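data.txt follows; it contains compact mmCIF, C-alpha atoms.
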```
# COMPACT_ATOMS: atom_id res chain seq x y z
CA MET A 1 42.24 79.65 82.97
CA GLY A 2 42.04 76.45 80.94
CA HIS A 3 40.39 73.19 81.89
CA PRO A 4 40.81 69.66 80.59
CA GLY A 5 38.46 68.26 77.98
CA GLN A 6 35.21 66.81 79.20
CA SER A 7 33.83 63.38 78.46
CA PRO A 8 30.38 63.72 76.87
CA SER A 9 27.39 63.43 79.19
CA PRO A 10 24.55 61.00 78.45
CA GLN A 11 22.04 62.31 75.95
CA SER A 12 19.17 64.10 77.67
CA PRO A 13 15.47 63.44 77.08
CA HIS A 14 13.60 66.12 75.20
CA GLY A 15 13.07 69.32 77.18
CA SER A 16 14.44 67.88 80.44
CA PRO A 17 18.28 67.85 80.53
CA PRO A 18 19.30 66.20 83.85
CA THR A 19 22.53 68.19 84.11
CA LEU A 20 20.56 71.43 83.86
CA SER A 21 18.63 71.08 87.11
CA ILE A 22 21.78 70.19 89.06
CA LEU A 23 23.72 73.07 87.54
CA THR A 24 21.06 75.68 88.10
CA LEU A 25 20.22 74.74 91.67
CA LEU A 26 23.90 74.52 92.56
CA LEU A 27 24.90 77.81 91.00
CA LEU A 28 21.93 79.61 92.54
CA LEU A 29 23.11 78.78 96.04
CA CYS A 30 26.86 79.13 95.51
CA GLY A 31 27.77 82.02 97.77
CA HIS A 32 31.38 82.84 96.95
CA ALA A 33 30.83 86.10 95.09
CA GLN A 34 32.76 89.12 96.33
CA SER A 35 30.75 92.25 97.06
CA GLN A 36 31.50 93.75 93.62
CA CYS A 37 31.18 90.43 91.79
CA LYS A 38 27.70 89.98 90.30
CA ILE A 39 27.91 86.25 89.62
CA LEU A 40 24.99 85.50 91.96
CA ARG A 41 22.78 87.81 89.91
CA CYS A 42 23.87 86.00 86.70
CA ASN A 43 23.11 82.66 88.37
CA ALA A 44 19.67 83.79 89.50
CA GLU A 45 18.75 85.21 86.06
CA TYR A 46 19.80 81.96 84.41
CA VAL A 47 17.73 79.90 86.84
CA SER A 48 14.71 82.17 86.25
CA SER A 49 15.02 81.78 82.45
CA THR A 50 15.15 77.97 82.65
CA LEU A 51 12.59 77.17 85.35
CA SER A 52 9.99 75.89 82.88
CA LEU A 53 12.70 74.01 80.96
CA ARG A 54 13.56 72.08 84.08
CA SER A 55 9.91 71.16 84.59
CA GLY A 56 9.75 69.79 81.05
CA GLY A 57 7.99 72.68 79.32
CA SER A 58 9.08 75.56 77.13
CA PRO A 59 9.80 78.88 78.77
CA GLY A 60 7.44 81.65 77.85
CA GLY A 61 8.78 83.96 75.18
CA LEU A 62 11.55 81.51 74.21
CA ARG A 63 9.77 79.44 71.57
CA GLY A 64 11.27 79.03 68.15
CA GLY A 65 14.68 78.16 66.76
CA GLY A 66 18.17 79.36 67.60
CA GLY A 67 20.98 77.07 68.67
CA GLY A 68 19.26 73.70 68.71
CA GLY A 69 21.30 70.67 69.72
CA ARG A 70 21.06 67.05 70.78
CA ALA A 71 17.91 67.72 72.76
CA ALA A 72 16.30 69.22 69.68
CA GLY A 73 13.16 71.34 69.73
CA ALA A 74 11.84 74.31 71.62
CA GLY A 75 13.38 73.25 74.91
CA SER A 76 16.87 73.04 73.45
CA GLY A 77 16.46 76.34 71.60
CA GLY A 78 15.38 78.00 74.82
CA LEU A 79 18.28 76.43 76.68
CA CYS A 80 20.80 77.76 74.17
CA ARG A 81 19.30 81.26 74.40
CA ALA A 82 19.49 81.11 78.20
CA LEU A 83 23.10 79.88 78.09
CA ARG A 84 24.11 82.70 75.72
CA SER A 85 22.52 85.23 78.08
CA TYR A 86 24.29 83.61 81.01
CA ALA A 87 27.64 83.77 79.17
CA LEU A 88 27.05 87.45 78.32
CA CYS A 89 26.31 88.23 81.96
CA THR A 90 29.52 86.52 83.16
CA ARG A 91 31.59 88.44 80.61
CA ARG A 92 30.16 91.74 81.88
CA THR A 93 31.14 90.97 85.47
CA ALA A 94 34.47 89.21 84.71
CA ARG A 95 36.67 92.16 85.76
CA THR A 96 35.26 92.29 89.29
CA CYS A 97 35.06 88.50 89.72
CA ARG A 98 38.74 87.69 89.34
CA GLY A 99 39.75 85.07 91.89
CA ASP A 100 36.17 84.00 92.60
CA LEU A 101 35.75 80.22 92.30
CA ALA A 102 31.96 80.42 91.83
CA PHE A 103 32.57 82.68 88.83
CA HIS A 104 35.19 80.36 87.29
CA SER A 105 32.98 77.32 87.90
CA ALA A 106 30.04 79.07 86.25
CA VAL A 107 32.14 79.96 83.17
CA HIS A 108 33.31 76.37 82.82
CA GLY A 109 29.81 75.01 83.43
CA ILE A 110 28.38 77.23 80.68
CA GLU A 111 31.07 76.04 78.28
CA ASP A 112 30.34 72.39 79.10
CA LEU A 113 26.58 72.76 78.57
CA MET A 114 26.96 74.72 75.33
CA ILE A 115 29.17 71.95 73.93
CA GLN A 116 26.86 69.22 75.22
CA HIS A 117 23.80 70.79 73.56
CA ASN A 118 25.56 72.03 70.39
CA CYS A 119 24.72 75.64 71.14
CA SER A 120 26.30 78.23 68.88
CA ARG A 121 28.05 81.15 70.57
CA GLN A 122 26.27 83.66 68.33
CA GLY A 123 22.50 83.92 68.27
CA PRO A 124 19.46 85.20 70.11
CA THR A 125 19.52 85.53 73.87
CA ALA A 126 16.81 85.15 76.47
CA PRO A 127 14.96 88.31 77.54
CA PRO A 128 15.77 89.54 81.05
CA PRO A 129 13.61 87.90 83.71
CA PRO A 130 10.78 89.98 85.20
CA ARG A 131 11.61 91.89 88.36
CA GLY A 132 10.16 90.34 91.46
CA PRO A 133 10.98 88.65 94.77
CA ALA A 134 14.07 86.48 94.97
CA LEU A 135 13.67 82.87 93.94
CA ALA A 136 12.74 80.62 96.84
CA ASP A 137 14.74 77.63 98.00
CA PRO A 138 13.56 74.71 95.85
CA GLY A 139 13.21 72.60 99.02
CA SER A 140 12.37 69.32 97.36
CA GLY A 141 15.17 69.61 94.80
CA PRO A 142 18.40 67.59 94.84
CA LEU A 143 20.74 67.94 97.79
CA ILE A 144 22.93 71.04 97.40
CA PRO A 145 26.60 70.38 98.23
CA ASP A 146 28.44 72.58 100.69
CA PRO A 147 29.55 75.68 98.72
CA CYS A 148 32.86 75.54 100.63
CA ASP A 149 33.52 71.92 99.63
CA TYR A 150 35.37 72.33 96.33
CA GLU A 151 35.47 68.67 95.28
CA SER A 152 31.75 68.09 95.87
CA ARG A 153 30.78 71.34 94.14
CA PHE A 154 33.01 70.66 91.12
CA SER A 155 31.75 67.08 90.74
CA ARG A 156 28.10 68.17 90.81
CA LEU A 157 28.75 70.96 88.34
CA HIS A 158 30.91 69.06 85.83
CA GLY A 159 29.73 65.50 86.34
CA ARG A 160 33.27 64.30 87.08
CA ALA A 161 35.90 64.60 89.77
CA PRO A 162 38.30 67.57 89.54
CA GLY A 163 41.89 67.18 88.41
CA PHE A 164 44.73 67.72 90.86
CA LEU A 165 48.39 68.72 90.65
CA HIS A 166 51.32 67.96 92.96
CA CYS A 167 54.40 70.02 93.85
CA ALA A 168 57.09 69.52 96.48
CA SER A 169 60.22 71.20 97.81
CA PHE A 170 62.60 69.40 100.18
CA GLY A 171 66.26 68.96 101.01
CA ASP A 172 68.86 71.31 99.58
CA PRO A 173 66.24 72.19 98.09
CA HIS A 174 64.93 69.93 95.35
CA VAL A 175 61.77 71.12 93.61
CA ARG A 176 59.29 68.88 91.86
CA SER A 177 57.02 71.10 89.76
CA PHE A 178 53.40 70.55 88.75
CA HIS A 179 54.72 69.38 85.35
CA HIS A 180 57.01 66.69 86.86
CA HIS A 181 60.21 68.66 86.33
CA PHE A 182 62.78 67.93 89.03
CA HIS A 183 65.45 70.54 89.83
CA THR A 184 68.16 70.89 92.46
CA CYS A 185 68.28 74.62 93.18
CA ARG A 186 70.37 77.21 94.96
CA VAL A 187 67.54 79.80 95.31
CA GLN A 188 69.09 81.68 98.22
CA GLY A 189 66.72 84.14 99.93
CA ALA A 190 62.92 84.32 99.53
CA TRP A 191 61.30 82.70 96.47
CA PRO A 192 57.61 82.06 95.68
CA LEU A 193 56.58 78.44 95.33
CA LEU A 194 53.00 79.50 94.55
CA ASP A 195 51.39 82.86 93.82
CA ASN A 196 47.85 82.61 92.48
CA ASP A 197 44.48 84.21 93.16
CA PHE A 198 43.76 81.99 96.18
CA LEU A 199 47.09 80.99 97.69
CA PHE A 200 50.59 82.40 98.22
CA VAL A 201 53.52 80.25 99.40
CA GLN A 202 57.03 81.61 99.88
CA ALA A 203 60.14 79.65 100.85
CA THR A 204 63.20 81.37 102.36
CA SER A 205 66.49 79.51 101.99
CA SER A 206 70.08 79.96 103.15
CA PRO A 207 73.34 78.08 102.36
CA VAL A 208 73.90 74.75 104.10
CA ALA A 209 77.44 75.94 104.91
CA LYS A 210 79.53 79.05 104.37
CA GLY A 211 80.48 79.39 100.71
CA ALA A 212 78.29 76.45 99.62
CA ASN A 213 76.07 76.64 96.53
CA ALA A 214 73.49 74.31 98.06
CA THR A 215 70.80 75.85 100.28
CA THR A 216 68.06 74.58 102.59
CA THR A 217 64.63 76.02 103.33
CA ARG A 218 64.63 77.64 106.74
CA LYS A 219 61.27 79.42 106.63
CA LEU A 220 57.89 78.96 104.94
CA THR A 221 55.12 81.57 104.68
CA ILE A 222 51.66 80.56 103.45
CA ILE A 223 48.78 82.98 102.87
CA PHE A 224 45.25 81.66 102.33
CA LYS A 225 43.57 84.63 100.69
CA ASN A 226 40.19 85.94 101.83
CA MET A 227 37.21 84.13 100.29
CA GLN A 228 33.82 85.53 101.19
CA GLU A 229 31.44 83.11 102.98
CA CYS A 230 34.24 80.55 103.37
CA ILE A 231 37.28 81.94 105.18
CA ASP A 232 38.97 85.06 106.47
CA GLN A 233 42.50 85.60 105.19
CA LYS A 234 44.83 83.34 107.17
CA VAL A 235 48.62 83.40 107.41
CA TYR A 236 50.76 80.44 108.42
CA GLN A 237 54.49 80.79 109.16
CA ALA A 238 56.95 78.03 110.00
CA GLU A 239 60.65 78.28 110.75
CA VAL A 240 63.25 75.69 111.65
CA ASP A 241 62.61 74.67 115.29
CA ASN A 242 59.25 76.48 115.22
CA LEU A 243 56.57 74.47 113.41
CA PRO A 244 53.28 75.68 114.95
CA ALA A 245 50.02 73.77 114.62
CA ALA A 246 48.06 77.05 114.32
CA PHE A 247 47.82 80.09 112.09
CA GLU A 248 49.54 83.36 113.04
CA ASP A 249 46.44 84.60 114.86
CA GLY A 250 46.35 81.45 117.01
CA SER A 251 43.33 79.92 115.24
CA ILE A 252 43.18 76.42 113.76
CA ASN A 253 40.45 77.07 111.18
CA GLY A 254 39.24 79.64 108.66
CA GLY A 255 37.44 81.89 111.13
CA ASP A 256 33.81 82.65 111.96
CA ARG A 257 32.41 82.67 108.43
CA PRO A 258 29.90 79.96 107.47
CA GLY A 259 32.62 77.88 105.79
CA GLY A 260 35.31 78.49 108.38
CA SER A 261 35.73 74.77 109.02
CA SER A 262 36.68 74.24 105.36
CA LEU A 263 40.19 75.42 106.32
CA SER A 264 41.83 73.46 109.13
CA ILE A 265 45.26 72.69 110.53
CA ARG A 266 46.36 69.66 112.52
CA THR A 267 49.43 67.66 113.52
CA ASP A 268 50.10 64.04 114.45
CA ASN A 269 53.70 64.77 115.38
CA PRO A 270 54.10 68.21 117.01
CA GLY A 271 57.22 70.06 115.96
CA SER A 272 57.91 67.75 113.01
CA HIS A 273 54.75 67.60 110.90
CA VAL A 274 51.80 69.89 110.09
CA GLU A 275 48.94 69.23 107.68
CA ILE A 276 46.70 72.04 106.40
CA ARG A 277 43.50 71.19 104.57
CA ALA A 278 41.72 73.85 102.52
CA ALA A 279 38.60 72.00 101.32
CA TYR A 280 37.11 75.19 99.84
CA ILE A 281 39.87 75.22 97.17
CA GLY A 282 40.55 71.47 97.00
CA THR A 283 44.01 71.77 98.55
CA THR A 284 46.07 69.83 101.09
CA ILE A 285 49.52 70.98 102.27
CA ILE A 286 52.05 69.04 104.35
CA ILE A 287 55.00 70.76 106.04
CA ARG A 288 57.76 68.76 107.71
CA GLN A 289 60.98 69.48 109.58
CA THR A 290 63.93 67.09 109.28
CA ALA A 291 67.68 67.59 109.65
CA GLY A 292 67.42 71.34 110.29
CA GLN A 293 65.36 72.13 107.18
CA LEU A 294 61.72 72.46 106.15
CA SER A 295 59.97 70.55 103.38
CA PHE A 296 56.75 71.48 101.58
CA SER A 297 54.32 69.25 99.70
CA ILE A 298 50.97 70.18 98.13
CA ARG A 299 48.04 68.60 96.32
CA VAL A 300 45.96 71.33 94.70
CA ALA A 301 43.01 71.47 92.30
CA GLU A 302 44.08 72.30 88.74
CA GLU A 303 41.55 75.12 88.52
CA VAL A 304 43.10 76.78 91.58
CA ALA A 305 46.73 76.21 90.54
CA ARG A 306 46.07 77.85 87.17
CA ALA A 307 44.28 80.93 88.52
CA PHE A 308 47.07 83.46 88.12
CA SER A 309 47.96 86.35 85.83
CA ALA A 310 51.13 87.28 83.96
CA GLU A 311 52.23 89.34 86.97
CA GLN A 312 52.27 86.11 89.03
CA ASP A 313 54.38 84.06 86.62
CA LEU A 314 57.40 83.45 88.92
CA GLN A 315 56.34 80.32 90.79
CA LEU A 316 58.73 77.44 91.39
CA CYS A 317 55.82 74.97 91.50
CA VAL A 318 54.73 76.09 88.03
CA GLY A 319 57.97 76.63 86.13
CA GLY A 320 60.53 74.95 88.37
CA CYS A 321 63.70 76.80 89.34
CA PRO A 322 64.88 79.46 86.87
CA PRO A 323 67.86 78.18 84.81
CA SER A 324 70.26 80.55 86.59
CA GLN A 325 69.28 78.99 89.94
CA ARG A 326 69.69 75.32 89.02
CA LEU A 327 72.76 73.44 90.20
CA SER A 328 74.66 71.89 87.31
CA ARG A 329 75.62 68.23 87.13
CA SER A 330 79.23 69.08 88.04
CA GLU A 331 78.09 71.10 91.06
CA ARG A 332 75.93 68.20 92.22
CA SER A 333 78.87 65.79 91.88
CA ARG A 334 81.42 67.66 94.01
CA ARG A 335 83.18 65.91 96.88
CA GLY A 336 81.16 66.11 100.06
CA ALA A 337 81.33 65.48 103.79
CA VAL A 338 81.03 61.69 103.31
CA SER A 339 81.97 59.36 100.46
CA ILE A 340 79.50 58.81 97.66
CA ASP A 341 79.41 55.08 98.41
CA THR A 342 78.40 55.81 102.00
CA ALA A 343 75.71 58.25 100.84
CA ARG A 344 74.33 55.77 98.30
CA GLN A 345 74.22 52.99 100.89
CA LEU A 346 72.34 55.17 103.39
CA CYS A 347 69.79 56.29 100.79
CA LYS A 348 69.31 52.85 99.28
CA GLU A 349 67.85 51.50 102.52
CA GLY A 350 64.71 53.64 102.25
CA LEU A 351 64.75 54.46 98.51
CA PRO A 352 65.41 51.25 96.56
CA VAL A 353 64.42 52.80 93.20
CA GLU A 354 67.24 54.99 91.84
CA ASP A 355 64.97 57.82 90.74
CA ALA A 356 65.19 61.57 91.32
CA TYR A 357 64.28 61.14 94.99
CA PHE A 358 67.16 58.69 95.48
CA HIS A 359 69.69 60.97 93.74
CA SER A 360 68.40 63.96 95.72
CA CYS A 361 68.96 61.98 98.90
CA VAL A 362 72.51 61.05 97.84
CA PHE A 363 73.31 64.69 97.11
CA ASP A 364 71.91 65.89 100.45
CA VAL A 365 73.76 63.29 102.52
CA LEU A 366 76.95 63.79 100.49
CA ILE A 367 76.98 67.57 101.05
CA SER A 368 75.74 67.65 104.65
CA GLY A 369 77.19 64.41 106.02
CA ASP A 370 73.89 64.05 107.93
CA PRO A 371 72.11 60.66 107.55
CA ASN A 372 68.86 62.34 108.69
CA PHE A 373 68.54 63.87 105.20
CA THR A 374 67.43 60.44 103.99
CA VAL A 375 64.17 61.00 105.90
CA ALA A 376 63.35 64.17 103.92
CA ALA A 377 63.59 62.39 100.57
CA GLN A 378 61.64 59.36 101.82
CA ALA A 379 58.86 61.56 103.22
CA ALA A 380 58.69 63.56 99.96
CA LEU A 381 58.27 60.33 98.01
CA GLU A 382 55.52 59.12 100.34
CA ASP A 383 53.70 62.47 100.03
CA ALA A 384 53.91 62.17 96.24
CA ARG A 385 52.55 58.64 96.44
CA ALA A 386 49.56 59.93 98.42
CA PHE A 387 49.03 63.11 96.38
CA LEU A 388 49.61 62.08 92.77
CA PRO A 389 46.47 60.93 90.93
CA ASP A 390 48.60 59.15 88.31
CA LEU A 391 51.03 56.81 90.07
CA GLU A 392 52.78 56.08 86.76
CA LYS A 393 54.30 59.53 87.19
CA LEU A 394 55.44 58.90 90.77
CA HIS A 395 59.05 58.13 89.91
CA VAL A 396 60.97 60.72 87.89
CA PHE A 397 64.29 59.62 86.40
CA LEU A 398 67.10 61.94 85.35
CA SER A 399 68.79 61.27 82.03
CA ASP A 400 72.50 61.88 81.46
CA ALA A 401 71.60 65.33 80.16
CA GLY A 402 69.80 66.10 83.41
CA VAL A 403 66.38 66.12 81.72
CA PRO A 404 63.63 64.54 83.87
CA ILE A 405 61.78 61.61 82.31
CA SER A 406 58.83 59.76 83.79
CA SER A 407 58.83 56.07 84.66
CA ALA A 408 56.53 55.41 81.68
CA THR A 409 59.01 57.11 79.32
CA LEU A 410 61.88 55.18 80.88
CA LEU A 411 60.04 51.89 80.42
CA ALA A 412 59.39 52.70 76.76
CA SER A 413 63.08 53.48 76.26
CA LEU A 414 64.15 50.23 77.94
CA LEU A 415 61.75 48.16 75.84
CA SER A 416 63.02 49.90 72.70
CA GLY A 417 66.61 49.12 73.66
CA LEU A 418 65.80 45.48 74.39
CA SER A 419 64.09 45.19 71.01
CA LEU A 420 67.23 46.46 69.27
CA LEU A 421 69.40 43.99 71.16
CA TRP A 422 67.07 41.15 70.21
CA LEU A 423 67.32 42.12 66.53
CA CYS A 424 71.11 42.25 66.71
CA PHE A 425 71.32 38.65 67.85
CA GLN A 426 68.94 37.24 65.25
```

Write the structure described by the file as structure tokens, please.
Amino acid sequence: MGHPGQSPSPQSPHGSPPTLSILTLLLLLCGHAQSQCKILRCNAEYVSSTLSLRSGGSPGGLRGGGGGGRAAGAGSGGLCRALRSYALCTRRTARTCRGDLAFHSAVHGIEDLMIQHNCSRQGPTAPPPPRGPALADPGSGPLIPDPCDYESRFSRLHGRAPGFLHCASFGDPHVRSFHHHFHTCRVQGAWPLLDNDFLFVQATSSPVAKGANATTTRKLTIIFKNMQECIDQKVYQAEVDNLPAAFEDGSINGGDRPGGSSLSIRTDNPGSHVEIRAAYIGTTIIIRQTAGQLSFSIRVAEEVARAFSAEQDLQLCVGGCPPSQRLSRSERSRRGAVSIDTARQLCKEGLPVEDAYFHSCVFDVLISGDPNFTVAAQAALEDARAFLPDLEKLHVFLSDAGVPISSATLLASLLSGLSLLWLCFQ
């Protein structure tokens, strides 16, 4: 699972890298490992090998060269040896740690520190730590963030805030993928919006009318997969006219585990709106009901969204609707229950920018004849405004060929066109 490039950290003083103490203390106490996953053992061995490094000295038995970097000298050589041992340990337990966020965070943290300290991947490793009692709680060390608070844990580990992605499905339905592709889909029956190692979301759709190509989402199923020390597996199901503010088992949180409160469900408008927050995976989901259909909107950490295998590749939030399930331009332009002028006027009131949300609204009102469909598009736009980290990508515009382009791309095209016009009149 890839991760975006890191901005370099400040250069560390000799033998006392500040990021090292935070990383080691954090990883030691991260408790997400599954019973077969040995990441906690790898964390503990790494901490043991670098204890004297963190106090400013050189660990016994690690003097000499091998993988020096910016913090040159014995300390840096020892750090590189410890990091190579840590990387080797994570590779040995990778098969049993699939889907474990502590494991993925450790792998990324190792990569960051090896780059920061110019450590080579090949070279000597640290000897295994001596057997003995478990390492004690440092006590006076820096405050350890809640292991079931993804954003805090990621920021302490990487020295920056995590990246987030946004996906939505609303109306007949229209799908906005993580990559800002915007499709109007037929997708009749059950289709996965998400299917990764932590989260499964399935939307079930049926035609808006007999013989119609357009469909609406009538049912949503969301599974928050078991994550040791944070939550029990929880299932949420919503159907039209049944939008519960609780999971299937009647609970409103992640269960009795230590991090159970890191998954919660609430509503400000019973029967019309539900918000589910999964802090342990950096995810917020909003489900709404308008005009006899359900809409789905999510903000999810990149690391979580990308945690899937080849067997999980059919996800509408990742790849958009398959080509065979996308409505063509001619299908979207067919005569509907109201005139196109009426539909445009209704949508323009709440969606003044003629972007993909506006055109989705026009299509929905045109086909259904129901002015309430304007609310679904407006709410989807507001969710995107709240969820998107980059507001320049809020508006997506459809070209004549039906290819989505961002507002920034559209602006560049307009400026280019104006430049050409200016030249023509010189």

Please identify all polymer residues lying at most 8 Å from the point (45.2, 82.7, 109.9) (file coordinates), using all atoms listed in the file, and present the result as an MDAnalysis selection string. chainID A and resid 223:224 232:236 246:255

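You will find CA of Phe198 in chain A at 6.6 Å from CA of Gly99 in chain A.
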
First collect every listed atom of range 363-375 of chain A; then fit an axis-aligned box around them, widen it by 6 Å on each side, and give centre and edge lengths in Å to one decimal, as JSON.
```
{"center_x": 70.7, "center_y": 64.0, "center_z": 102.9, "size_x": 25.0, "size_y": 19.2, "size_z": 23.6}
```

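When only C-alpha atoms are used to measure the gap to Gly350 in chain A, the shortest distance among A:Asp364, A:Glu382, A:Asp370, A:Glu45 belongs to A:Glu382.
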
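Here CA of Ala384 in chain A is placed at a distance of 14.0 Å from CA of Thr283 in chain A.
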
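Between CA of Glu303 in chain A and CA of Tyr280 in chain A there is a distance of 12.2 Å.
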